[in-house]
$ cat entry-v1.cif   # mmCIF, C-alpha atoms; chains and numbers go by the auth columns
data_upload
loop_
_atom_site.group_PDB
_atom_site.id
_atom_site.type_symbol
_atom_site.label_atom_id
_atom_site.label_comp_id
_atom_site.label_asym_id
_atom_site.label_seq_id
_atom_site.Cartn_x
_atom_site.Cartn_y
_atom_site.Cartn_z
_atom_site.B_iso_or_equiv
_atom_site.auth_seq_id
_atom_site.auth_asym_id
ATOM 1 C CA MET A 1 12.674 -15.294 50.071 0.00 21 A
ATOM 2 C CA TYR A 2 13.931 -12.460 47.879 0.00 22 A
ATOM 3 C CA ARG A 3 12.764 -8.844 47.829 0.00 23 A
ATOM 4 C CA ILE A 4 13.642 -6.113 45.320 0.00 24 A
ATOM 5 C CA GLY A 5 13.802 -2.387 46.068 0.00 25 A
ATOM 6 C CA HIS A 6 14.381 0.618 43.820 0.00 26 A
ATOM 7 C CA SER A 7 15.040 4.289 44.503 0.00 27 A
ATOM 8 C CA HIS A 8 15.691 7.531 42.656 0.00 28 A
ATOM 9 C CA ASP A 9 16.968 10.779 44.194 0.00 29 A
ATOM 10 C CA THR A 10 17.856 14.185 42.760 0.00 30 A
ATOM 11 C CA HIS A 11 19.604 17.163 44.330 0.00 31 A
ATOM 12 C CA LYS A 12 20.404 20.611 42.993 0.00 32 A
ATOM 13 C CA LEU A 13 24.041 21.695 42.655 0.00 33 A
ATOM 14 C CA VAL A 14 24.813 24.943 44.522 0.00 34 A
ATOM 15 C CA PRO A 15 27.940 26.900 45.500 0.00 35 A
ATOM 16 C CA ASN A 16 29.358 26.795 49.034 0.00 36 A
ATOM 17 C CA ARG A 17 28.491 23.137 49.703 0.00 37 A
ATOM 18 C CA LYS A 18 30.709 20.055 49.680 0.00 38 A
ATOM 19 C CA LEU A 19 30.054 17.520 46.945 0.00 39 A
ATOM 20 C CA ILE A 20 29.663 14.189 48.735 0.00 40 A
ATOM 21 C CA LEU A 21 28.729 11.057 46.795 0.00 41 A
ATOM 22 C CA GLY A 22 28.776 7.629 48.384 0.00 42 A
ATOM 23 C CA GLY A 23 30.623 9.025 51.378 0.00 43 A
ATOM 24 C CA VAL A 24 33.430 10.445 49.227 0.00 44 A
ATOM 25 C CA THR A 25 34.096 14.189 49.276 0.00 45 A
ATOM 26 C CA ILE A 26 34.870 15.122 45.682 0.00 46 A
ATOM 27 C CA PRO A 27 36.724 18.353 44.890 0.00 47 A
ATOM 28 C CA TYR A 28 34.344 20.561 42.902 0.00 48 A
ATOM 29 C CA ASP A 29 33.097 24.153 42.920 0.00 49 A
ATOM 30 C CA TYR A 30 29.548 23.037 43.725 0.00 50 A
ATOM 31 C CA GLY A 31 27.887 20.679 46.150 0.00 51 A
ATOM 32 C CA LEU A 32 24.435 19.214 46.584 0.00 52 A
ATOM 33 C CA LEU A 33 21.670 21.132 48.317 0.00 53 A
ATOM 34 C CA GLY A 34 19.765 19.242 50.982 0.00 54 A
ATOM 35 C CA HIS A 35 18.717 19.014 54.622 0.00 55 A
ATOM 36 C CA SER A 36 21.350 16.358 55.364 0.00 56 A
ATOM 37 C CA ASP A 37 24.760 16.272 53.690 0.00 57 A
ATOM 38 C CA ALA A 38 22.681 15.639 50.508 0.00 58 A
ATOM 39 C CA ASP A 39 24.591 12.497 49.514 0.00 59 A
ATOM 40 C CA CYS A 40 22.140 11.270 46.886 0.00 60 A
ATOM 41 C CA VAL A 41 24.051 7.999 46.443 0.00 61 A
ATOM 42 C CA TYR A 42 23.673 7.015 50.089 0.00 62 A
ATOM 43 C CA HIS A 43 20.058 8.209 49.975 0.00 63 A
ATOM 44 C CA VAL A 44 19.155 5.793 47.174 0.00 64 A
ATOM 45 C CA VAL A 45 20.969 2.934 48.894 0.00 65 A
ATOM 46 C CA ALA A 46 18.944 3.488 52.069 0.00 66 A
ATOM 47 C CA GLU A 47 15.637 4.071 50.291 0.00 67 A
ATOM 48 C CA ALA A 48 16.009 1.030 48.009 0.00 68 A
ATOM 49 C CA ILE A 49 16.467 -1.137 51.115 0.00 69 A
ATOM 50 C CA ILE A 50 13.489 0.511 52.831 0.00 70 A
ATOM 51 C CA GLY A 51 11.424 -0.129 49.698 0.00 71 A
ATOM 52 C CA ALA A 52 12.510 -3.763 49.458 0.00 72 A
ATOM 53 C CA LEU A 53 11.374 -4.222 53.057 0.00 73 A
ATOM 54 C CA GLY A 54 7.992 -2.708 52.131 0.00 74 A
ATOM 55 C CA LEU A 55 8.393 0.083 54.689 0.00 75 A
ATOM 56 C CA GLY A 56 7.746 3.165 52.560 0.00 76 A
ATOM 57 C CA ASP A 57 10.427 5.684 51.707 0.00 77 A
ATOM 58 C CA ILE A 58 13.397 7.458 53.248 0.00 78 A
ATOM 59 C CA GLY A 59 11.227 10.380 54.371 0.00 79 A
ATOM 60 C CA THR A 60 9.159 8.021 56.513 0.00 80 A
ATOM 61 C CA PHE A 61 12.146 7.375 58.783 0.00 81 A
ATOM 62 C CA PHE A 62 14.429 10.374 58.119 0.00 82 A
ATOM 63 C CA PRO A 63 12.170 13.363 57.348 0.00 83 A
ATOM 64 C CA ASP A 64 13.843 16.520 56.056 0.00 84 A
ATOM 65 C CA THR A 65 11.650 18.482 58.467 0.00 85 A
ATOM 66 C CA ASP A 66 13.316 16.930 61.525 0.00 86 A
ATOM 67 C CA PRO A 67 16.139 19.110 62.917 0.00 87 A
ATOM 68 C CA LYS A 68 18.049 16.056 64.158 0.00 88 A
ATOM 69 C CA TYR A 69 18.817 15.151 60.545 0.00 89 A
ATOM 70 C CA LYS A 70 20.102 18.629 59.620 0.00 90 A
ATOM 71 C CA ASP A 71 23.557 18.195 58.038 0.00 91 A
ATOM 72 C CA ILE A 72 23.714 14.526 59.149 0.00 92 A
ATOM 73 C CA ASP A 73 26.286 12.298 57.503 0.00 93 A
ATOM 74 C CA SER A 74 24.088 10.188 55.204 0.00 94 A
ATOM 75 C CA GLY A 75 26.252 7.192 56.068 0.00 95 A
ATOM 76 C CA GLU A 76 24.354 7.221 59.379 0.00 96 A
ATOM 77 C CA ILE A 77 21.108 6.887 57.454 0.00 97 A
ATOM 78 C CA VAL A 78 22.487 3.845 55.615 0.00 98 A
ATOM 79 C CA ARG A 79 23.689 2.336 58.923 0.00 99 A
ATOM 80 C CA LYS A 80 20.252 2.729 60.513 0.00 100 A
ATOM 81 C CA THR A 81 18.600 1.272 57.406 0.00 101 A
ATOM 82 C CA TYR A 82 21.047 -1.639 57.473 0.00 102 A
ATOM 83 C CA ASP A 83 20.009 -2.314 61.091 0.00 103 A
ATOM 84 C CA MET A 84 16.335 -2.310 60.014 0.00 104 A
ATOM 85 C CA MET A 85 17.144 -4.832 57.280 0.00 105 A
ATOM 86 C CA ILE A 86 19.023 -7.145 59.659 0.00 106 A
ATOM 87 C CA LYS A 87 16.227 -6.927 62.237 0.00 107 A
ATOM 88 C CA ALA A 88 13.750 -7.938 59.496 0.00 108 A
ATOM 89 C CA GLY A 89 15.879 -11.006 58.736 0.00 109 A
ATOM 90 C CA TYR A 90 17.396 -9.968 55.398 0.00 110 A
ATOM 91 C CA GLU A 91 20.811 -9.336 53.892 0.00 111 A
ATOM 92 C CA VAL A 92 21.943 -7.747 50.632 0.00 112 A
ATOM 93 C CA SER A 93 22.388 -10.108 47.723 0.00 113 A
ATOM 94 C CA ASN A 94 23.541 -7.308 45.431 0.00 114 A
ATOM 95 C CA ILE A 95 22.991 -3.619 44.734 0.00 115 A
ATOM 96 C CA ASP A 96 23.351 -1.755 41.434 0.00 116 A
ATOM 97 C CA ILE A 97 23.707 2.036 41.493 0.00 117 A
ATOM 98 C CA THR A 98 23.718 4.575 38.661 0.00 118 A
ATOM 99 C CA ILE A 99 24.848 8.170 39.180 0.00 119 A
ATOM 100 C CA PHE A 100 23.650 10.744 36.632 0.00 120 A
ATOM 101 C CA ILE A 101 26.242 13.535 36.566 0.00 121 A
ATOM 102 C CA GLU A 102 27.708 15.796 33.892 0.00 122 A
ATOM 103 C CA LYS A 103 30.701 17.024 35.901 0.00 123 A
ATOM 104 C CA PRO A 104 32.945 16.176 37.614 0.00 124 A
ATOM 105 C CA ASN A 105 34.024 12.898 36.088 0.00 125 A
ATOM 106 C CA LEU A 106 33.698 10.123 38.690 0.00 126 A
ATOM 107 C CA LYS A 107 36.178 7.670 37.148 0.00 127 A
ATOM 108 C CA SER A 108 38.685 8.204 39.981 0.00 128 A
ATOM 109 C CA TYR A 109 36.027 7.927 42.718 0.00 129 A
ATOM 110 C CA LYS A 110 33.813 4.993 41.733 0.00 130 A
ATOM 111 C CA ASN A 111 35.930 2.373 43.503 0.00 131 A
ATOM 112 C CA LEU A 112 36.022 4.445 46.718 0.00 132 A
ATOM 113 C CA ILE A 113 32.230 4.812 46.595 0.00 133 A
ATOM 114 C CA LYS A 114 31.892 1.074 46.001 0.00 134 A
ATOM 115 C CA GLU A 115 34.178 0.296 48.967 0.00 135 A
ATOM 116 C CA ASN A 116 32.201 2.619 51.260 0.00 136 A
ATOM 117 C CA ILE A 117 28.874 1.027 50.330 0.00 137 A
ATOM 118 C CA ALA A 118 30.216 -2.515 50.656 0.00 138 A
ATOM 119 C CA LYS A 119 31.561 -1.694 54.117 0.00 139 A
ATOM 120 C CA LEU A 120 28.286 -0.108 55.289 0.00 140 A
ATOM 121 C CA LEU A 121 26.234 -3.058 54.013 0.00 141 A
ATOM 122 C CA CYS A 122 28.736 -5.707 55.208 0.00 142 A
ATOM 123 C CA VAL A 123 29.030 -7.273 51.773 0.00 143 A
ATOM 124 C CA ASP A 124 31.841 -8.153 49.381 0.00 144 A
ATOM 125 C CA LEU A 125 32.881 -5.642 46.733 0.00 145 A
ATOM 126 C CA ASN A 126 31.495 -7.886 43.977 0.00 146 A
ATOM 127 C CA GLN A 127 27.992 -7.418 45.436 0.00 147 A
ATOM 128 C CA VAL A 128 28.083 -3.667 44.728 0.00 148 A
ATOM 129 C CA ASN A 129 28.092 -2.088 41.277 0.00 149 A
ATOM 130 C CA ILE A 130 28.578 1.622 40.584 0.00 150 A
ATOM 131 C CA LYS A 131 27.951 3.250 37.215 0.00 151 A
ATOM 132 C CA ALA A 132 28.114 6.908 36.239 0.00 152 A
ATOM 133 C CA THR A 133 26.616 8.433 33.136 0.00 153 A
ATOM 134 C CA ARG A 134 26.425 11.930 31.663 0.00 154 A
ATOM 135 C CA GLY A 135 23.469 13.930 30.460 0.00 155 A
ATOM 136 C CA GLU A 136 25.240 14.696 27.168 0.00 156 A
ATOM 137 C CA GLY A 137 24.309 18.370 27.549 0.00 157 A
ATOM 138 C CA LEU A 138 20.584 17.619 27.841 0.00 158 A
ATOM 139 C CA GLY A 139 18.255 18.518 30.710 0.00 159 A
ATOM 140 C CA PHE A 140 19.243 19.671 34.191 0.00 160 A
ATOM 141 C CA ILE A 141 21.891 16.928 34.439 0.00 161 A
ATOM 142 C CA GLY A 142 23.474 17.900 31.125 0.00 162 A
ATOM 143 C CA ARG A 143 23.445 21.584 32.066 0.00 163 A
ATOM 144 C CA GLY A 144 25.246 20.758 35.327 0.00 164 A
ATOM 145 C CA GLU A 145 22.380 22.010 37.511 0.00 165 A
ATOM 146 C CA GLY A 146 21.977 18.842 39.565 0.00 166 A
ATOM 147 C CA ILE A 147 22.870 15.236 40.165 0.00 167 A
ATOM 148 C CA SER A 148 20.609 12.202 40.351 0.00 168 A
ATOM 149 C CA ALA A 149 21.177 8.641 41.458 0.00 169 A
ATOM 150 C CA GLU A 150 19.218 5.405 41.232 0.00 170 A
ATOM 151 C CA ALA A 151 19.648 2.090 43.004 0.00 171 A
ATOM 152 C CA VAL A 152 18.166 -1.361 42.658 0.00 172 A
ATOM 153 C CA VAL A 153 18.780 -3.779 45.526 0.00 173 A
ATOM 154 C CA LEU A 154 18.063 -7.469 45.865 0.00 174 A
ATOM 155 C CA LEU A 155 17.626 -8.650 49.447 0.00 175 A
ATOM 156 C CA LYS A 156 17.576 -12.286 50.483 0.00 176 A
ATOM 157 C CA SER A 157 16.264 -13.711 53.714 0.00 177 A
ATOM 158 C CA LYS A 158 18.931 -14.855 56.133 0.00 178 A
ATOM 159 C CA PRO A 159 18.920 -18.555 56.945 0.00 179 A
ATOM 160 C CA LYS A 160 17.010 -19.374 60.107 0.00 180 A
ATOM 161 C CA PHE A 161 18.374 -22.141 62.255 0.00 181 A
ATOM 162 C CA LYS A 162 16.162 -24.168 64.543 0.00 182 A
ATOM 163 C CA ASN A 163 17.353 -25.414 67.901 0.00 183 A
ATOM 164 C CA LEU A 164 17.346 -29.196 68.074 0.00 184 A
#
$ encode --input "entry-v1.cif" --output "structure tokens"
Amino acid sequence: MYRIGHSHDTHKLVPNRKLILGGVTIPYDYGLLGHSDADCVYHVVAEAIIGALGLGDIGTFFPDTDPKYKDIDSGEIVRKTYDMMIKAGYEVSNIDITIFIEKPNLKSYKNLIKENIAKLLCVDLNQVNIKATRGEGLGFIGRGEGISAEAVVLLKSKPKFKNL
């Protein structure tokens, strides 16, 4: 059986925060505001998997009102979500991620982000796709006020073997 999940996340850019996308710290004067490390790429990865499993959203399991998630490395959220997926009997077929960002340019970081996600999800690099696109000066993305990300994931059920 196959299941599809989708997610969208947006965070405001603010001074005095690290910019972390897909587990990569990117040199920039601004970072993303959030309860955790605000890694919107990891957030959409986790939430797309949660959605594909039919379990709600990221806030159901990792609420931003819970102090234990304050400043957490969002890679931990992906790891816990991965464990949920495995327990449910699924694995990632592929995941496609789009990052909406005016600046900085992510050309030098996309492969690192891809490698991090592939490692967390225990998949080959060719099962992960990362795209980045600009706002072309339009809206909050184009004005450099925030960053958004979206992910679509296809999960497939793991083969079940019967004892003979």
$ residues_around --input "entry-v1.cif" --residues "region 59-68 of chain A" --least-positions-apart "4" --cutoff "6 Å" --atoms "only C-alpha atoms" --output "PyMOL selection string"
chain A and resi 25-29+40-42+77-78+98+101+169-171
$ write_last_selection --input "entry-v1.cif" --atoms "C-alpha atoms" --output "PDB file, in the frame of the given file"
ATOM      1  CA  GLY A  25      13.802  -2.387  46.068  1.00  0.00           C
ATOM      2  CA  HIS A  26      14.381   0.618  43.820  1.00  0.00           C
ATOM      3  CA  SER A  27      15.040   4.289  44.503  1.00  0.00           C
ATOM      4  CA  HIS A  28      15.691   7.531  42.656  1.00  0.00           C
ATOM      5  CA  ASP A  29      16.968  10.779  44.194  1.00  0.00           C
ATOM      6  CA  ILE A  40      29.663  14.189  48.735  1.00  0.00           C
ATOM      7  CA  LEU A  41      28.729  11.057  46.795  1.00  0.00           C
ATOM      8  CA  GLY A  42      28.776   7.629  48.384  1.00  0.00           C
ATOM      9  CA  ASP A  77      10.427   5.684  51.707  1.00  0.00           C
ATOM     10  CA  ILE A  78      13.397   7.458  53.248  1.00  0.00           C
ATOM     11  CA  VAL A  98      22.487   3.845  55.615  1.00  0.00           C
ATOM     12  CA  THR A 101      18.600   1.272  57.406  1.00  0.00           C
ATOM     13  CA  ALA A 169      21.177   8.641  41.458  1.00  0.00           C
ATOM     14  CA  GLU A 170      19.218   5.405  41.232  1.00  0.00           C
ATOM     15  CA  ALA A 171      19.648   2.090  43.004  1.00  0.00           C
TER      16      ALA A 171
END
$ resolve_selection --input "entry-v1.cif" --expression "the PyMOL selection byres ((chain A and resi 159-161) around 10)" --output "count of residues only"
20
$ closest_residue --input "entry-v1.cif" --among "A:Arg23, A:Asp91, A:Met105, A:Asn131" --to "Val172 (chain A)" --atoms "only C-alpha atoms"
A:Arg23
$ closest_residue --input "entry-v1.cif" --among "A:Ser113, A:Thr118, A:Ile69, A:Asp57" --to "Lys90 (chain A)" --atoms "only C-alpha atoms"
A:Asp57
$ resolve_selection --input "entry-v1.cif" --expression "the PyMOL selection byres ((chain A and resi 149) around 6)" --output "list of chain:residue names"
A:Asp116, A:Val148, A:Ile150
$ closest_residue --input "entry-v1.cif" --among "A:Glu96, A:Asn36, A:Ile137, A:Thr80" --to "Ser56 (chain A)" --atoms "all atoms listed in the file"
A:Glu96
$ axis_aligned_box --input "entry-v1.cif" --around "region 98-103 of chain A" --padding-each-side "3 Å" --output "lines of an AutoDock Vina configuration file"
center_x = 21.1
center_y = 0.8
center_z = 58.4
size_x = 11.1
size_y = 12.2
size_z = 11.5
$ closest_residue --input "entry-v1.cif" --among "A:Val143, A:Val112, A:Ala58, A:Ala138" --to "Leu174 (chain A)" --atoms "only C-alpha atoms"
A:Val112
$ atom_distance --input "entry-v1.cif" --atom1 "CA of Ile24 (chain A)" --atom2 "CA of Asn146 (chain A)"
18.0 Å
$ residues_around --input "entry-v1.cif" --residues "Thr45 (chain A)" --least-positions-apart "6" --cutoff "10 Å" --atoms "all atoms listed in the file" --output "list in words"
Lys38, Leu39, Gly51, Asp59, Tyr129 and Ile133 of chain A
$ atom_distance --input "entry-v1.cif" --atom1 "CA of Tyr48 (chain A)" --atom2 "CA of Asn136 (chain A)"
19.9 Å
$ closest_residue --input "entry-v1.cif" --among "A:Leu52, A:Ala108, A:Ile92, A:Ala72" --to "Lys180 (chain A)" --atoms "all atoms listed in the file"
A:Ala108
$ closest_residue --input "entry-v1.cif" --among "A:Pro87, A:Gly54, A:Pro47, A:Gly109" --to "Leu175 (chain A)" --atoms "only C-alpha atoms"
A:Gly109
$ atom_distance --input "entry-v1.cif" --atom1 "CA of Ile46 (chain A)" --atom2 "CA of Lys130 (chain A)"
10.9 Å
$ decode --input "entry-v1.cif" --residues "region 66-129 of chain A" --atoms "C-alpha atoms" --output "PDB file, in the first residue's frame"
ATOM      1  CA  ALA A  66       8.267  15.298   9.681  1.00  0.00           C
ATOM      2  CA  GLU A  67       4.765  16.666   9.132  1.00  0.00           C
ATOM      3  CA  ALA A  68       4.435  15.183   5.627  1.00  0.00           C
ATOM      4  CA  ILE A  69       5.235  11.755   7.094  1.00  0.00           C
ATOM      5  CA  ILE A  70       2.781  12.293   9.961  1.00  0.00           C
ATOM      6  CA  GLY A  71       0.137  13.294   7.412  1.00  0.00           C
ATOM      7  CA  ALA A  72       0.816  10.281   5.198  1.00  0.00           C
ATOM      8  CA  LEU A  73       0.305   8.068   8.247  1.00  0.00           C
ATOM      9  CA  GLY A  74      -3.030   9.813   8.893  1.00  0.00           C
ATOM     10  CA  LEU A  75      -1.917  10.948  12.353  1.00  0.00           C
ATOM     11  CA  GLY A  76      -2.641  14.676  12.201  1.00  0.00           C
ATOM     12  CA  ASP A  77       0.068  17.306  12.178  1.00  0.00           C
ATOM     13  CA  ILE A  78       3.420  18.093  13.756  1.00  0.00           C
ATOM     14  CA  GLY A  79       1.771  20.038  16.586  1.00  0.00           C
ATOM     15  CA  THR A  80      -0.092  16.906  17.654  1.00  0.00           C
ATOM     16  CA  PHE A  81       3.178  15.233  18.652  1.00  0.00           C
ATOM     17  CA  PHE A  82       5.578  18.180  19.108  1.00  0.00           C
ATOM     18  CA  PRO A  83       3.509  21.133  20.384  1.00  0.00           C
ATOM     19  CA  ASP A  84       5.214  24.526  20.510  1.00  0.00           C
ATOM     20  CA  THR A  85       3.682  24.996  23.960  1.00  0.00           C
ATOM     21  CA  ASP A  86       5.715  22.133  25.446  1.00  0.00           C
ATOM     22  CA  PRO A  87       8.935  23.344  27.128  1.00  0.00           C
ATOM     23  CA  LYS A  88      10.740  20.096  26.287  1.00  0.00           C
ATOM     24  CA  TYR A  89      10.760  21.133  22.628  1.00  0.00           C
ATOM     25  CA  LYS A  90      12.180  24.616  23.300  1.00  0.00           C
ATOM     26  CA  ASP A  91      15.239  25.064  21.048  1.00  0.00           C
ATOM     27  CA  ILE A  92      15.246  21.334  20.149  1.00  0.00           C
ATOM     28  CA  ASP A  93      17.260  20.255  17.137  1.00  0.00           C
ATOM     29  CA  SER A  94      14.498  19.564  14.596  1.00  0.00           C
ATOM     30  CA  GLY A  95      16.489  16.558  13.413  1.00  0.00           C
ATOM     31  CA  GLU A  96      15.226  14.905  16.613  1.00  0.00           C
ATOM     32  CA  ILE A  97      11.671  15.555  15.476  1.00  0.00           C
ATOM     33  CA  VAL A  98      12.406  13.858  12.141  1.00  0.00           C
ATOM     34  CA  ARG A  99      14.033  10.903  13.954  1.00  0.00           C
ATOM     35  CA  LYS A 100      10.988  10.416  16.188  1.00  0.00           C
ATOM     36  CA  THR A 101       8.677  10.701  13.175  1.00  0.00           C
ATOM     37  CA  TYR A 102      10.811   8.170  11.302  1.00  0.00           C
ATOM     38  CA  ASP A 103      10.379   5.762  14.241  1.00  0.00           C
ATOM     39  CA  MET A 104       6.589   6.274  14.074  1.00  0.00           C
ATOM     40  CA  MET A 105       6.654   5.471  10.354  1.00  0.00           C
ATOM     41  CA  ILE A 106       8.702   2.293  10.848  1.00  0.00           C
ATOM     42  CA  LYS A 107       6.446   1.164  13.702  1.00  0.00           C
ATOM     43  CA  ALA A 108       3.435   1.643  11.384  1.00  0.00           C
ATOM     44  CA  GLY A 109       5.095  -0.610   8.799  1.00  0.00           C
ATOM     45  CA  TYR A 110       6.081   1.975   6.179  1.00  0.00           C
ATOM     46  CA  GLU A 111       9.214   3.306   4.525  1.00  0.00           C
ATOM     47  CA  VAL A 112       9.889   6.326   2.321  1.00  0.00           C
ATOM     48  CA  SER A 113       9.581   5.748  -1.394  1.00  0.00           C
ATOM     49  CA  ASN A 114      10.564   9.329  -2.187  1.00  0.00           C
ATOM     50  CA  ILE A 115      10.247  12.866  -0.848  1.00  0.00           C
ATOM     51  CA  ASP A 116      10.185  16.136  -2.795  1.00  0.00           C
ATOM     52  CA  ILE A 117      10.901  19.389  -0.948  1.00  0.00           C
ATOM     53  CA  THR A 118      10.643  23.006  -2.096  1.00  0.00           C
ATOM     54  CA  ILE A 119      12.182  25.864  -0.113  1.00  0.00           C
ATOM     55  CA  PHE A 120      10.795  29.360  -0.758  1.00  0.00           C
ATOM     56  CA  ILE A 121      13.584  31.829   0.037  1.00  0.00           C
ATOM     57  CA  GLU A 122      14.753  35.138  -1.407  1.00  0.00           C
ATOM     58  CA  LYS A 123      18.161  35.219   0.293  1.00  0.00           C
ATOM     59  CA  PRO A 124      20.585  33.645   0.871  1.00  0.00           C
ATOM     60  CA  ASN A 125      21.059  31.584  -2.254  1.00  0.00           C
ATOM     61  CA  LEU A 126      20.944  27.876  -1.354  1.00  0.00           C
ATOM     62  CA  LYS A 127      22.867  26.550  -4.370  1.00  0.00           C
ATOM     63  CA  SER A 128      25.879  25.611  -2.216  1.00  0.00           C
ATOM     64  CA  TYR A 129      23.740  23.975   0.501  1.00  0.00           C
TER      65      TYR A 129
END
